[in-house]
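Let me begin by presenting the structure, written as C-alpha cells, before commenting on it.
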Amino acid sequence: MRLRWLAGKALAALLTLAFVLVFNFFLFRMLPGDPISLYTRGRNMDQDQLRELRARLNKPIQEQFFSYLKNPFSSGVDSTQFSRPVWDVIGDSVWPTVVLLGTSTVLATVIGIAIGIRAGWARDSAFDRGSTAVTLTLYAMPEFWLGMMLLILFSTGIGIFPGLFPSGGTLTPGLDQWSLDGIRDQLWHLCLPAATLTLGYLAEYSLVMRSSLVDERGQDYLTTARAKGLMDRMVRRRHAVPNALLPTITLVFLNIGFVVSGAITVETVFSWPGLGLLSYEAIRGPDVPLLQAIFLMFSIAVVIANAIADVVVAAVDPRVRT
C-alpha cells in the first residue's frame with residue numbers, strides 16, 4: 001500500500017511537471033509583437049545573426065518543441081539584458097535566494113509554531129490576545145511595505161531608531177566573502193530581508209497552529225490522557241501538538257511558491273541579488289529568454305515542494321495514505 005501510494009504521488013508530480021513544461025513552451029510564444037524584436041531588445045546584432053535567429057524561430061513548432069525539451073531552461077537564445085547564456089545568469093542568483101528563503105522559512109516556521117502552541121493552549125489569556133493581535137497585523141502587511149518600513153527604521157534611521165543595517169546588497173565591497181569578516185558582513189546584510197520574510201510568514205503559521213490546537217483541546221483522547229494521570233504539559237507535547245501540527249506542516253511546504261513571489265518584492269526593496277531581483281529586472285526588460293527560464297524554475301520548485309509536503313504529512317499521519 002505504501003509503495004503504491006508513493007508511486008501514485010510520484011506519477012502525479014511527473015504529470016504536473018510535464019504540463020508545466022508544455023505550458024511554459026507555449027506561454028512565451030503567445031506574447032504579442034514580433035518575436036525577433038522581443039528576443040533582440042537592447043542588443044546589437046548584425047544581419048547574419050538576425051537571419052540565424054529568424055531561421056531558428058521560424059522552424060516548425062514540433063521541431064522547436066523537441067529542441068526545447070533537450071534544454072528547457074534555455075530557448076537557444078542568450079539573455080537580452082546580460083548577453084550571456086540564460087543558465088549562467090540564473091546560476092549566479094540561485095545561492096543568494098536559497099540562503100534568504102531557507103533562513104526565513106526556518107525562522108518563520110519555528111517561531112510561528114512556538115507562538116501558536118503557547119497561544120492556542122492558553123486560549124483567551126493575555127499572551128493569546130496580544131500575540132493574535134500582533135500576528136493578524138503582520139499577516140495583513142504586504143511584504144514589500146513591511147520591508148520598506150524596516151529599511152527606513154533600521155537602515156536609513158529615523159528618530160529614536162538609528163541606522164544599524166546596510167540598505168542593500170549581500171557584501172560590502174572590498175571584503176572577501178569567505179573570510180571571517182566577510183561572513184559576518186553577509187549575515188549583517190541578511191538581517192533585514194530575512195526579518196521581513198520571517199515576520200510576514202510566521203504570522204500565518206502562528207494563526208494556523210493556534211487554530212488547530214484550539215480544535216484539538218476539546219477532543220476526547222486528551223480527556224482520556226488526563227484521566228490516566230498525565231500532566232498537562234505532557235498531554236500537550238505528546239498528544240495535542242503532534243496532531244495539531246499537520247495543517248501547519250502542509251502549509252509550510254505549500255507556501256514555498258508564495259514565499260518565492262514575496263521574495264521578488266523583498267529582494268527588489270533590499271537590492272538582494274537573487275532570483276527575485278533577477279525576475280524583476282527580466283520583467284522590466286522584458287528579457288523573454290530569462291523570464292521563460294525563471295518561470296520554469298519557480299514552477300518546478302513549487303511542484304517538488306508540494307510532493308514533499310504530501311510525503312511528510314503521510315509520514316506524520318498514516319491516515320492520509322488511506
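Every chain in the C-alpha cells has a letter given in the order shown (A, B, ...), and although residue numbers restart at 1 in each chain, ligands are simply numbered from 1 in the order shown.
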Discussion item. Give me the residues near Arg236 of chain A as a ChimeraX atom specification, where near means some atom within 10 Å (using only C-alpha atoms) and where sequence neighbours in that chain fewer than 4 positions away do not count.
Written reply: /A:117,121,213,216-217,222,225,230-232,240-242,244
Please write the residues from the selection above to a file, keeping C-alpha atoms, as a compact mmCIF listing (two decimals), in the first residue's frame.
```txt
# COMPACT_ATOMS: atom_id res chain seq x y z
CA ILE A 117 1.30 26.47 20.54
CA TRP A 121 -3.04 26.07 24.65
CA LEU A 213 -4.52 23.41 18.74
CA GLU A 216 -7.61 19.63 19.44
CA ARG A 217 -8.15 20.81 23.02
CA LEU A 222 -6.97 14.39 25.50
CA ALA A 225 -4.90 11.12 28.61
CA LEU A 230 -0.60 12.63 32.57
CA MET A 231 0.48 16.15 33.44
CA ASP A 232 -0.94 18.95 31.31
CA ALA A 240 -2.18 17.57 21.16
CA VAL A 241 0.77 19.20 19.39
CA PRO A 242 1.66 16.29 17.02
CA ALA A 244 -2.26 19.93 15.50
```
Fill in: Distance criterion (only C-alpha atoms): nearest to Leu164 of chain A out of A:Thr248, A:His189, A:Pro96, A:Arg51
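Counting only C-alpha atoms, the residue closest to Leu164 of chain A is A:His189.
Note that the spacing between atom CA of Ile294 of chain A and atom CA of Leu21 of chain A amounts to 12.4 Å.
Considering only C-alpha atoms, the residue among A:Val134, A:Arg29, A:Arg84, A:Ile115 positioned nearest to Asn58 of chain A is A:Arg29.
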Worksheet item: For Thr103 of chain A, which residue among A:Met141, A:Cys191, A:Met148, A:Val316 is the nearest when counting only C-alpha atoms?
Response: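 Of the candidates, the smallest distance to Thr103 of chain A is held by A:Cys191.
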Worksheet item: With only C-alpha atoms as the basis for distance, which of A:Asn255, A:Thr97, A:Thr250, A:Thr109 is at the shortest distance from Ser271 of chain A?
Response: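 For Ser271 of chain A, the nearest of the given residues is A:Thr97.
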Fill in: Closest of A:Gly116, A:Pro173, A:Pro273, A:Pro286 to Ser212 of chain A - atom-to-atom distances counting only C-alpha atoms
A:Gly116
Discussion item. Would you compute the distance between atom CA of Phe270 of chain A and atom CA of Thr196 of chain A? Give it in Å to one decimal.
Written reply: 10.2 Å
Worksheet entry | Picked from segment 52-286 of chain A by DSSP as helix (DSSP H, G or I), as a PyMOL selection string | chain A and resi 52-57+61-70+86-121+126-140+143-157+180-217+220-227+232-254+256-269+275-284
Practice prompt. May I ask for the distance between atom CA of Leu290 of chain A and atom CA of Phe25 of chain A, given in Å to one decimal place?
Written response: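 Computing it gives 13.0 Å between the two atoms.
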